[in-house]
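S.K.: This is work17.cif (mmCIF, N, CA and C atoms).
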```
data_start
loop_
_atom_site.group_PDB
_atom_site.id
_atom_site.type_symbol
_atom_site.label_atom_id
_atom_site.label_comp_id
_atom_site.auth_asym_id
_atom_site.auth_seq_id
_atom_site.Cartn_x
_atom_site.Cartn_y
_atom_site.Cartn_z
ATOM 1 N N MET A 1 0.846 -1.179 0.000
ATOM 2 C CA MET A 1 0.000 0.000 0.000
ATOM 3 C C MET A 1 0.890 1.241 0.000
ATOM 4 N N ASN A 2 0.573 2.174 -0.870
ATOM 5 C CA ASN A 2 1.418 3.364 -0.940
ATOM 6 C C ASN A 2 0.980 4.388 0.128
ATOM 7 N N PRO A 3 1.846 5.331 0.458
ATOM 8 C CA PRO A 3 1.562 6.304 1.525
ATOM 9 C C PRO A 3 0.302 7.145 1.291
ATOM 10 N N LYS A 4 -0.027 7.414 0.032
ATOM 11 C CA LYS A 4 -1.216 8.215 -0.267
ATOM 12 C C LYS A 4 -2.484 7.464 0.144
ATOM 13 N N ASN A 5 -2.543 6.166 -0.133
ATOM 14 C CA ASN A 5 -3.699 5.353 0.239
ATOM 15 C C ASN A 5 -3.837 5.238 1.764
ATOM 16 N N ILE A 6 -2.712 5.143 2.442
ATOM 17 C CA ILE A 6 -2.735 5.056 3.906
ATOM 18 C C ILE A 6 -3.295 6.351 4.498
ATOM 19 N N LYS A 7 -2.896 7.496 3.953
ATOM 20 C CA LYS A 7 -3.412 8.785 4.444
ATOM 21 C C LYS A 7 -4.916 8.896 4.207
ATOM 22 N N ILE A 8 -5.379 8.439 3.070
ATOM 23 C CA ILE A 8 -6.818 8.480 2.766
ATOM 24 C C ILE A 8 -7.579 7.562 3.720
ATOM 25 N N LEU A 9 -7.048 6.380 3.946
ATOM 26 C CA LEU A 9 -7.686 5.431 4.863
ATOM 27 C C LEU A 9 -7.756 5.993 6.281
ATOM 28 N N ILE A 10 -6.682 6.586 6.742
ATOM 29 C CA ILE A 10 -6.667 7.188 8.080
ATOM 30 C C ILE A 10 -7.659 8.341 8.153
ATOM 31 N N SER A 11 -7.725 9.155 7.123
ATOM 32 C CA SER A 11 -8.684 10.270 7.089
ATOM 33 C C SER A 11 -10.121 9.764 7.153
ATOM 34 N N ILE A 12 -10.414 8.712 6.416
ATOM 35 C CA ILE A 12 -11.757 8.135 6.430
ATOM 36 C C ILE A 12 -12.088 7.581 7.813
ATOM 37 N N LEU A 13 -11.146 6.887 8.429
ATOM 38 C CA LEU A 13 -11.374 6.328 9.770
ATOM 39 C C LEU A 13 -11.608 7.431 10.805
ATOM 40 N N ILE A 14 -10.847 8.493 10.733
ATOM 41 C CA ILE A 14 -11.024 9.608 11.662
ATOM 42 C C ILE A 14 -12.385 10.263 11.450
ATOM 43 N N THR A 15 -12.782 10.454 10.202
ATOM 44 C CA THR A 15 -14.082 11.058 9.900
ATOM 45 C C THR A 15 -15.227 10.195 10.415
ATOM 46 N N VAL A 16 -15.155 8.906 10.185
ATOM 47 C CA VAL A 16 -16.201 7.991 10.660
ATOM 48 C C VAL A 16 -16.258 7.993 12.186
ATOM 49 N N THR A 17 -15.126 8.024 12.837
ATOM 50 C CA THR A 17 -15.087 8.053 14.300
ATOM 51 C C THR A 17 -15.716 9.325 14.845
ATOM 52 N N VAL A 18 -15.396 10.468 14.259
ATOM 53 C CA VAL A 18 -15.955 11.746 14.708
ATOM 54 C C VAL A 18 -17.465 11.775 14.509
ATOM 55 N N ILE A 19 -17.925 11.330 13.359
ATOM 56 C CA ILE A 19 -19.369 11.325 13.079
ATOM 57 C C ILE A 19 -20.090 10.371 14.030
ATOM 58 N N THR A 20 -19.553 9.186 14.250
ATOM 59 C CA THR A 20 -20.164 8.213 15.151
ATOM 60 C C THR A 20 -20.231 8.754 16.575
ATOM 61 N N THR A 21 -19.172 9.363 17.038
ATOM 62 C CA THR A 21 -19.157 9.951 18.379
ATOM 63 C C THR A 21 -20.196 11.058 18.493
ATOM 64 N N GLY A 22 -20.293 11.902 17.481
ATOM 65 C CA GLY A 22 -21.285 12.978 17.486
ATOM 66 C C GLY A 22 -22.701 12.447 17.546
ATOM 67 N N VAL A 23 -22.981 11.413 16.775
ATOM 68 C CA VAL A 23 -24.321 10.819 16.768
ATOM 69 C C VAL A 23 -24.651 10.202 18.133
ATOM 70 N N ILE A 24 -23.691 9.549 18.741
ATOM 71 C CA ILE A 24 -23.917 8.946 20.065
ATOM 72 C C ILE A 24 -24.220 10.023 21.091
ATOM 73 N N PHE A 25 -23.435 11.099 21.142
ATOM 74 C CA PHE A 25 -23.691 12.183 22.088
ATOM 75 C C PHE A 25 -25.029 12.864 21.823
ATOM 76 N N TRP A 26 -25.380 13.044 20.540
ATOM 77 C CA TRP A 26 -26.663 13.642 20.183
ATOM 78 C C TRP A 26 -27.804 12.802 20.722
ATOM 79 N N ARG A 27 -27.723 11.509 20.545
ATOM 80 C CA ARG A 27 -28.783 10.598 21.005
ATOM 81 C C ARG A 27 -28.877 10.581 22.526
ATOM 82 N N ILE A 28 -27.755 10.553 23.201
ATOM 83 C CA ILE A 28 -27.760 10.547 24.666
ATOM 84 C C ILE A 28 -28.365 11.840 25.200
ATOM 85 N N ALA A 29 -27.995 12.979 24.628
ATOM 86 C CA ALA A 29 -28.531 14.267 25.073
ATOM 87 C C ALA A 29 -30.035 14.341 24.851
ATOM 88 N N LYS A 30 -30.496 13.866 23.704
ATOM 89 C CA LYS A 30 -31.925 13.867 23.400
ATOM 90 C C LYS A 30 -32.689 12.987 24.386
ATOM 91 N N ASP A 31 -32.172 11.793 24.640
ATOM 92 C CA ASP A 31 -32.824 10.879 25.584
ATOM 93 C C ASP A 31 -32.834 11.448 27.002
ATOM 94 N N GLU A 32 -31.759 12.095 27.393
ATOM 95 C CA GLU A 32 -31.660 12.681 28.730
ATOM 96 C C GLU A 32 -32.776 13.704 28.951
ATOM 97 N N ILE A 33 -32.989 14.564 27.977
ATOM 98 C CA ILE A 33 -34.039 15.578 28.082
ATOM 99 C C ILE A 33 -35.417 14.913 28.081
ATOM 100 N N PHE A 34 -35.629 13.974 27.179
ATOM 101 C CA PHE A 34 -36.936 13.322 27.045
ATOM 102 C C PHE A 34 -37.328 12.586 28.325
ATOM 103 N N TYR A 35 -36.442 11.768 28.864
ATOM 104 C CA TYR A 35 -36.788 10.949 30.023
ATOM 105 C C TYR A 35 -36.920 11.773 31.298
ATOM 106 N N LEU A 36 -36.058 12.750 31.486
ATOM 107 C CA LEU A 36 -36.208 13.592 32.672
ATOM 108 C C LEU A 36 -37.482 14.422 32.597
ATOM 109 N N CYS A 37 -37.829 14.918 31.429
ATOM 110 C CA CYS A 37 -39.048 15.716 31.269
ATOM 111 C C CYS A 37 -40.284 14.887 31.616
ATOM 112 N N GLY A 38 -40.248 13.611 31.332
ATOM 113 C CA GLY A 38 -41.366 12.727 31.646
ATOM 114 C C GLY A 38 -41.595 12.537 33.130
ATOM 115 N N ASN A 39 -40.614 12.873 33.955
ATOM 116 C CA ASN A 39 -40.751 12.723 35.409
ATOM 117 C C ASN A 39 -41.558 13.839 36.053
ATOM 118 N N PHE A 40 -41.798 14.931 35.337
ATOM 119 C CA PHE A 40 -42.378 16.114 35.949
ATOM 120 C C PHE A 40 -43.861 16.230 35.637
ATOM 121 N N SER A 41 -44.661 15.609 36.463
ATOM 122 C CA SER A 41 -46.111 15.710 36.304
ATOM 123 C C SER A 41 -46.629 16.835 37.190
ATOM 124 N N SER A 42 -47.875 17.152 37.009
ATOM 125 C CA SER A 42 -48.503 18.235 37.760
ATOM 126 C C SER A 42 -48.407 17.964 39.265
ATOM 127 N N GLY A 43 -47.987 18.983 40.009
ATOM 128 C CA GLY A 43 -47.906 18.877 41.460
ATOM 129 C C GLY A 43 -46.531 18.575 42.017
ATOM 130 N N VAL A 44 -45.570 18.214 41.163
ATOM 131 C CA VAL A 44 -44.205 17.948 41.628
ATOM 132 C C VAL A 44 -43.575 19.264 42.066
ATOM 133 N N THR A 45 -42.853 19.246 43.165
ATOM 134 C CA THR A 45 -42.268 20.474 43.702
ATOM 135 C C THR A 45 -41.032 20.906 42.914
ATOM 136 N N LYS A 46 -40.745 22.191 43.001
ATOM 137 C CA LYS A 46 -39.578 22.759 42.317
ATOM 138 C C LYS A 46 -38.297 22.109 42.820
ATOM 139 N N SER A 47 -38.210 21.857 44.117
ATOM 140 C CA SER A 47 -36.990 21.251 44.657
ATOM 141 C C SER A 47 -36.749 19.866 44.070
ATOM 142 N N SER A 48 -37.810 19.099 43.851
ATOM 143 C CA SER A 48 -37.676 17.791 43.233
ATOM 144 C C SER A 48 -37.237 17.921 41.776
ATOM 145 N N VAL A 49 -37.805 18.890 41.063
ATOM 146 C CA VAL A 49 -37.428 19.131 39.666
ATOM 147 C C VAL A 49 -35.951 19.491 39.578
ATOM 148 N N VAL A 50 -35.523 20.443 40.385
ATOM 149 C CA VAL A 50 -34.132 20.892 40.350
ATOM 150 C C VAL A 50 -33.187 19.757 40.736
ATOM 151 N N ARG A 51 -33.554 18.982 41.730
ATOM 152 C CA ARG A 51 -32.719 17.855 42.156
ATOM 153 C C ARG A 51 -32.515 16.874 41.015
ATOM 154 N N GLN A 52 -33.583 16.584 40.282
ATOM 155 C CA GLN A 52 -33.471 15.651 39.153
ATOM 156 C C GLN A 52 -32.699 16.266 37.985
ATOM 157 N N LEU A 53 -32.914 17.540 37.716
ATOM 158 C CA LEU A 53 -32.199 18.189 36.609
ATOM 159 C C LEU A 53 -30.707 18.278 36.874
ATOM 160 N N GLU A 54 -30.332 18.375 38.138
ATOM 161 C CA GLU A 54 -28.915 18.442 38.501
ATOM 162 C C GLU A 54 -28.177 17.140 38.184
ATOM 163 N N THR A 55 -28.899 16.042 37.963
ATOM 164 C CA THR A 55 -28.255 14.767 37.638
ATOM 165 C C THR A 55 -27.866 14.664 36.170
ATOM 166 N N ALA A 56 -28.309 15.602 35.350
ATOM 167 C CA ALA A 56 -28.039 15.551 33.910
ATOM 168 C C ALA A 56 -26.564 15.785 33.620
ATOM 169 N N ASN A 57 -26.053 15.058 32.649
ATOM 170 C CA ASN A 57 -24.648 15.193 32.263
ATOM 171 C C ASN A 57 -24.446 16.076 31.034
ATOM 172 N N LEU A 58 -25.345 15.979 30.069
ATOM 173 C CA LEU A 58 -25.171 16.704 28.810
ATOM 174 C C LEU A 58 -26.169 17.839 28.646
ATOM 175 N N SER A 59 -26.912 18.146 29.687
ATOM 176 C CA SER A 59 -27.954 19.159 29.611
ATOM 177 C C SER A 59 -27.854 20.107 30.794
ATOM 178 N N SER A 60 -28.475 21.272 30.638
ATOM 179 C CA SER A 60 -28.517 22.246 31.719
ATOM 180 C C SER A 60 -29.873 22.935 31.686
ATOM 181 N N TYR A 61 -30.134 23.747 32.696
ATOM 182 C CA TYR A 61 -31.428 24.421 32.760
ATOM 183 C C TYR A 61 -31.259 25.880 33.157
ATOM 184 N N THR A 62 -32.272 26.677 32.778
ATOM 185 C CA THR A 62 -32.349 28.061 33.222
ATOM 186 C C THR A 62 -33.691 28.242 33.915
ATOM 187 N N HIS A 63 -33.707 29.073 34.927
ATOM 188 C CA HIS A 63 -34.926 29.316 35.695
ATOM 189 C C HIS A 63 -35.261 30.800 35.597
ATOM 190 N N THR A 64 -36.460 31.104 35.086
ATOM 191 C CA THR A 64 -36.915 32.477 34.928
ATOM 192 C C THR A 64 -38.144 32.679 35.800
ATOM 193 N N VAL A 65 -38.118 33.733 36.636
ATOM 194 C CA VAL A 65 -39.229 34.004 37.534
ATOM 195 C C VAL A 65 -40.065 35.149 36.982
ATOM 196 N N ASN A 66 -41.386 34.933 36.910
ATOM 197 C CA ASN A 66 -42.347 35.948 36.502
ATOM 198 C C ASN A 66 -43.145 36.384 37.730
ATOM 199 N N GLU A 67 -44.114 37.261 37.541
ATOM 200 C CA GLU A 67 -44.933 37.732 38.661
ATOM 201 C C GLU A 67 -45.736 36.610 39.301
ATOM 202 N N ASN A 68 -46.440 35.828 38.500
ATOM 203 C CA ASN A 68 -47.342 34.817 39.027
ATOM 204 C C ASN A 68 -46.820 33.392 38.909
ATOM 205 N N SER A 69 -45.720 33.210 38.238
ATOM 206 C CA SER A 69 -45.215 31.860 38.019
ATOM 207 C C SER A 69 -43.724 31.906 37.716
ATOM 208 N N SER A 70 -43.195 30.769 37.385
ATOM 209 C CA SER A 70 -41.811 30.713 36.918
ATOM 210 C C SER A 70 -41.697 29.592 35.891
ATOM 211 N N ILE A 71 -40.651 29.666 35.103
ATOM 212 C CA ILE A 71 -40.440 28.698 34.028
ATOM 213 C C ILE A 71 -39.011 28.181 34.112
ATOM 214 N N ILE A 72 -38.882 26.878 34.007
ATOM 215 C CA ILE A 72 -37.572 26.243 33.903
ATOM 216 C C ILE A 72 -37.464 25.678 32.498
ATOM 217 N N VAL A 73 -36.403 26.058 31.795
ATOM 218 C CA VAL A 73 -36.151 25.529 30.454
ATOM 219 C C VAL A 73 -34.927 24.619 30.553
ATOM 220 N N PHE A 74 -35.150 23.361 30.240
ATOM 221 C CA PHE A 74 -34.119 22.328 30.317
ATOM 222 C C PHE A 74 -33.729 21.951 28.895
ATOM 223 N N SER A 75 -32.474 22.196 28.535
ATOM 224 C CA SER A 75 -32.030 21.909 27.172
ATOM 225 C C SER A 75 -30.598 21.387 27.201
ATOM 226 N N SER A 76 -30.157 20.950 26.050
ATOM 227 C CA SER A 76 -28.839 20.340 25.953
ATOM 228 C C SER A 76 -27.733 21.378 25.901
ATOM 229 N N ARG A 77 -26.602 21.014 26.442
ATOM 230 C CA ARG A 77 -25.413 21.849 26.319
ATOM 231 C C ARG A 77 -24.794 21.721 24.938
ATOM 232 N N LEU A 78 -25.155 20.661 24.248
ATOM 233 C CA LEU A 78 -24.659 20.459 22.891
ATOM 234 C C LEU A 78 -25.469 21.333 21.945
ATOM 235 N N TYR A 79 -24.821 22.107 21.132
ATOM 236 C CA TYR A 79 -25.500 23.086 20.292
ATOM 237 C C TYR A 79 -26.346 22.464 19.192
ATOM 238 N N PHE A 80 -26.028 21.253 18.785
ATOM 239 C CA PHE A 80 -26.769 20.654 17.681
ATOM 240 C C PHE A 80 -27.986 19.850 18.129
ATOM 241 N N VAL A 81 -28.331 19.886 19.420
ATOM 242 C CA VAL A 81 -29.540 19.228 19.915
ATOM 243 C C VAL A 81 -30.587 20.302 20.169
ATOM 244 N N ALA A 82 -31.667 20.266 19.414
ATOM 245 C CA ALA A 82 -32.679 21.320 19.485
ATOM 246 C C ALA A 82 -33.807 20.995 20.465
ATOM 247 N N ASN A 83 -33.775 19.851 21.096
ATOM 248 C CA ASN A 83 -34.853 19.458 21.991
ATOM 249 C C ASN A 83 -34.736 20.185 23.321
ATOM 250 N N GLN A 84 -35.903 20.437 23.924
ATOM 251 C CA GLN A 84 -35.917 21.067 25.240
ATOM 252 C C GLN A 84 -37.184 20.698 25.989
ATOM 253 N N CYS A 85 -37.134 20.863 27.282
ATOM 254 C CA CYS A 85 -38.283 20.627 28.146
ATOM 255 C C CYS A 85 -38.600 21.954 28.833
ATOM 256 N N ILE A 86 -39.845 22.398 28.683
ATOM 257 C CA ILE A 86 -40.270 23.636 29.322
ATOM 258 C C ILE A 86 -41.185 23.262 30.475
ATOM 259 N N ILE A 87 -40.797 23.663 31.678
ATOM 260 C CA ILE A 87 -41.521 23.301 32.895
ATOM 261 C C ILE A 87 -42.116 24.569 33.492
ATOM 262 N N ASP A 88 -43.438 24.626 33.541
ATOM 263 C CA ASP A 88 -44.147 25.766 34.127
ATOM 264 C C ASP A 88 -44.453 25.480 35.592
ATOM 265 N N LEU A 89 -44.096 26.438 36.457
ATOM 266 C CA LEU A 89 -44.357 26.316 37.890
ATOM 267 C C LEU A 89 -45.322 27.414 38.322
ATOM 268 N N ASP A 90 -46.181 27.103 39.296
ATOM 269 C CA ASP A 90 -47.104 28.112 39.803
ATOM 270 C C ASP A 90 -46.463 28.893 40.954
ATOM 271 N N LYS A 91 -47.251 29.758 41.614
ATOM 272 C CA LYS A 91 -46.726 30.573 42.712
ATOM 273 C C LYS A 91 -46.188 29.730 43.870
ATOM 274 N N SER A 92 -46.812 28.590 44.107
ATOM 275 C CA SER A 92 -46.376 27.732 45.209
ATOM 276 C C SER A 92 -45.217 26.812 44.806
ATOM 277 N N GLU A 93 -44.610 27.102 43.661
ATOM 278 C CA GLU A 93 -43.446 26.375 43.145
ATOM 279 C C GLU A 93 -43.721 24.896 42.914
ATOM 280 N N LYS A 94 -44.883 24.617 42.354
ATOM 281 C CA LYS A 94 -45.223 23.252 41.956
ATOM 282 C C LYS A 94 -45.465 23.230 40.452
ATOM 283 N N VAL A 95 -45.163 22.101 39.839
ATOM 284 C CA VAL A 95 -45.287 21.954 38.389
ATOM 285 C C VAL A 95 -46.749 22.050 37.973
ATOM 286 N N VAL A 96 -46.980 22.879 36.974
ATOM 287 C CA VAL A 96 -48.303 22.963 36.348
ATOM 288 C C VAL A 96 -48.277 22.129 35.065
ATOM 289 N N LEU A 97 -47.187 22.274 34.299
ATOM 290 C CA LEU A 97 -47.073 21.572 33.023
ATOM 291 C C LEU A 97 -45.601 21.405 32.673
ATOM 292 N N ALA A 98 -45.261 20.246 32.154
ATOM 293 C CA ALA A 98 -43.926 19.990 31.614
ATOM 294 C C ALA A 98 -44.101 19.558 30.164
ATOM 295 N N ASP A 99 -43.545 20.329 29.245
ATOM 296 C CA ASP A 99 -43.767 20.096 27.819
ATOM 297 C C ASP A 99 -42.438 19.847 27.124
ATOM 298 N N TYR A 100 -42.333 18.686 26.491
ATOM 299 C CA TYR A 100 -41.134 18.309 25.729
ATOM 300 C C TYR A 100 -41.307 18.769 24.295
ATOM 301 N N LYS A 101 -40.341 19.514 23.795
ATOM 302 C CA LYS A 101 -40.411 20.019 22.412
ATOM 303 C C LYS A 101 -39.171 19.602 21.656
#
```
What does this structure look like when you write it as structure tokens?
M.R.:
Amino acid sequence: MNPKNIKILISILITVTVITTGVIFWRIAKDEIFYLCGNFSSGVTKSSVVRQLETANLSSYTHTVNENSSIIVFSSRLYFVANQCIIDLDKSEKVVLADYK
């Protein structure tokens, strides 16, 4: 095998490895958001939601407080994952709705 073919083969292997790794991380991040979002039914407390969200490895959340309620948006740290979970909390800091998008 000549050196040019070896370089092409190595380039192909590196490309396949990078793409495969990206797909695996994308799938894990998507599943992480989906399954955690399913845990938040009506009446769950904010402390329970935050405790569970803190276990995420590839995702993070932001908490925004409004006058009558607050919203937690749980999304992936990976930029190419567009999925998110929007959790609406009432004044007493209990879940009203958790919506996976």
S.K.: Would you kindly translate the PyMOL selection byres ((chain A and resi 84) around 5) into the concrete residues it picks from this file, as number ranges by chain?
M.R.: A: 74-75, 82-83, 85-86, 100-101
S.K.: Apply the PyMOL selection byres (((chain A and resi 90-94 and name CA) around 6) and name CA) to the file shown and report the selected residues as a ChimeraX atom specification.
M.R.: /A:43-46,68-69,89,95
S.K.: Just give me the gap between atom C of Thr62 (chain A) and atom C of Leu97 (chain A) in Å, one decimal is fine.
M.R.: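 Taking atom C of Thr62 (chain A) as the start and atom C of Leu97 (chain A) as the end point, the length is 13.8 Å.
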S.K.: Using DSSP on the backbone coordinates, identify all residues within chain A classified as helix (DSSP H, G or I); present the result as a count of residues only.
M.R.: 43
S.K.: Would you mind reading off the distance between atom N of Trp26 (chain A) and CA of Leu78 (chain A), one decimal, in Å?
M.R.: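 Answer for the atom N of Trp26 (chain A) to CA of Leu78 (chain A) separation: 7.8 Å.
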S.K.: If you measure from CA of Ala56 (chain A) to CA of Tyr35 (chain A), what distance in Å do you get, rounded to one decimal?
M.R.: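 Interatomic distance, CA of Ala56 (chain A) to CA of Tyr35 (chain A): 10.6 Å.
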S.K.: Kindly provide, as lines of an AutoDock Vina configuration file, the centre and edge lengths (Å, one decimal) of an axis-aligned box around all atoms of region 94-99 of chain A given in the file, with 3 Å on each side.
M.R.:
```
center_x = -45.4
center_y = 22.1
center_z = 34.7
size_x = 11.9
size_y = 11.1
size_z = 21.2
```
S.K.: Care to translate the PyMOL selection byres (((chain A and resi 77 and name CA) around 8) and name CA) into actual residues of this file, as a VMD selection string?
M.R.: chain A and resid 58 to 60 75 to 76 78 to 79
S.K.: Give me region 87-101 of chain A from this structure - N, CA and C atoms, as an mmCIF file, in the first residue's frame.
M.R.:
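Listed below is the output, out09.cif:
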```cif
data_model
loop_
_atom_site.group_PDB
_atom_site.id
_atom_site.type_symbol
_atom_site.label_atom_id
_atom_site.label_comp_id
_atom_site.auth_asym_id
_atom_site.auth_seq_id
_atom_site.Cartn_x
_atom_site.Cartn_y
_atom_site.Cartn_z
ATOM 1 N N ILE A 87 -40.797 23.663 31.678
ATOM 2 C CA ILE A 87 -41.521 23.301 32.895
ATOM 3 C C ILE A 87 -42.116 24.569 33.492
ATOM 4 N N ASP A 88 -43.438 24.626 33.541
ATOM 5 C CA ASP A 88 -44.147 25.766 34.127
ATOM 6 C C ASP A 88 -44.453 25.480 35.592
ATOM 7 N N LEU A 89 -44.096 26.438 36.457
ATOM 8 C CA LEU A 89 -44.357 26.316 37.890
ATOM 9 C C LEU A 89 -45.322 27.414 38.322
ATOM 10 N N ASP A 90 -46.181 27.103 39.296
ATOM 11 C CA ASP A 90 -47.104 28.112 39.803
ATOM 12 C C ASP A 90 -46.463 28.893 40.954
ATOM 13 N N LYS A 91 -47.251 29.758 41.614
ATOM 14 C CA LYS A 91 -46.726 30.573 42.712
ATOM 15 C C LYS A 91 -46.188 29.730 43.870
ATOM 16 N N SER A 92 -46.812 28.590 44.107
ATOM 17 C CA SER A 92 -46.376 27.732 45.209
ATOM 18 C C SER A 92 -45.217 26.812 44.806
ATOM 19 N N GLU A 93 -44.610 27.102 43.661
ATOM 20 C CA GLU A 93 -43.446 26.375 43.145
ATOM 21 C C GLU A 93 -43.721 24.896 42.914
ATOM 22 N N LYS A 94 -44.883 24.617 42.354
ATOM 23 C CA LYS A 94 -45.223 23.252 41.956
ATOM 24 C C LYS A 94 -45.465 23.230 40.452
ATOM 25 N N VAL A 95 -45.163 22.101 39.839
ATOM 26 C CA VAL A 95 -45.287 21.954 38.389
ATOM 27 C C VAL A 95 -46.749 22.050 37.973
ATOM 28 N N VAL A 96 -46.980 22.879 36.974
ATOM 29 C CA VAL A 96 -48.303 22.963 36.348
ATOM 30 C C VAL A 96 -48.277 22.129 35.065
ATOM 31 N N LEU A 97 -47.187 22.274 34.299
ATOM 32 C CA LEU A 97 -47.073 21.572 33.023
ATOM 33 C C LEU A 97 -45.601 21.405 32.673
ATOM 34 N N ALA A 98 -45.261 20.246 32.154
ATOM 35 C CA ALA A 98 -43.926 19.990 31.614
ATOM 36 C C ALA A 98 -44.101 19.558 30.164
ATOM 37 N N ASP A 99 -43.545 20.329 29.245
ATOM 38 C CA ASP A 99 -43.767 20.096 27.819
ATOM 39 C C ASP A 99 -42.438 19.847 27.124
ATOM 40 N N TYR A 100 -42.333 18.686 26.491
ATOM 41 C CA TYR A 100 -41.134 18.309 25.729
ATOM 42 C C TYR A 100 -41.307 18.769 24.295
ATOM 43 N N LYS A 101 -40.341 19.514 23.795
ATOM 44 C CA LYS A 101 -40.411 20.019 22.412
ATOM 45 C C LYS A 101 -39.171 19.602 21.656
#
```
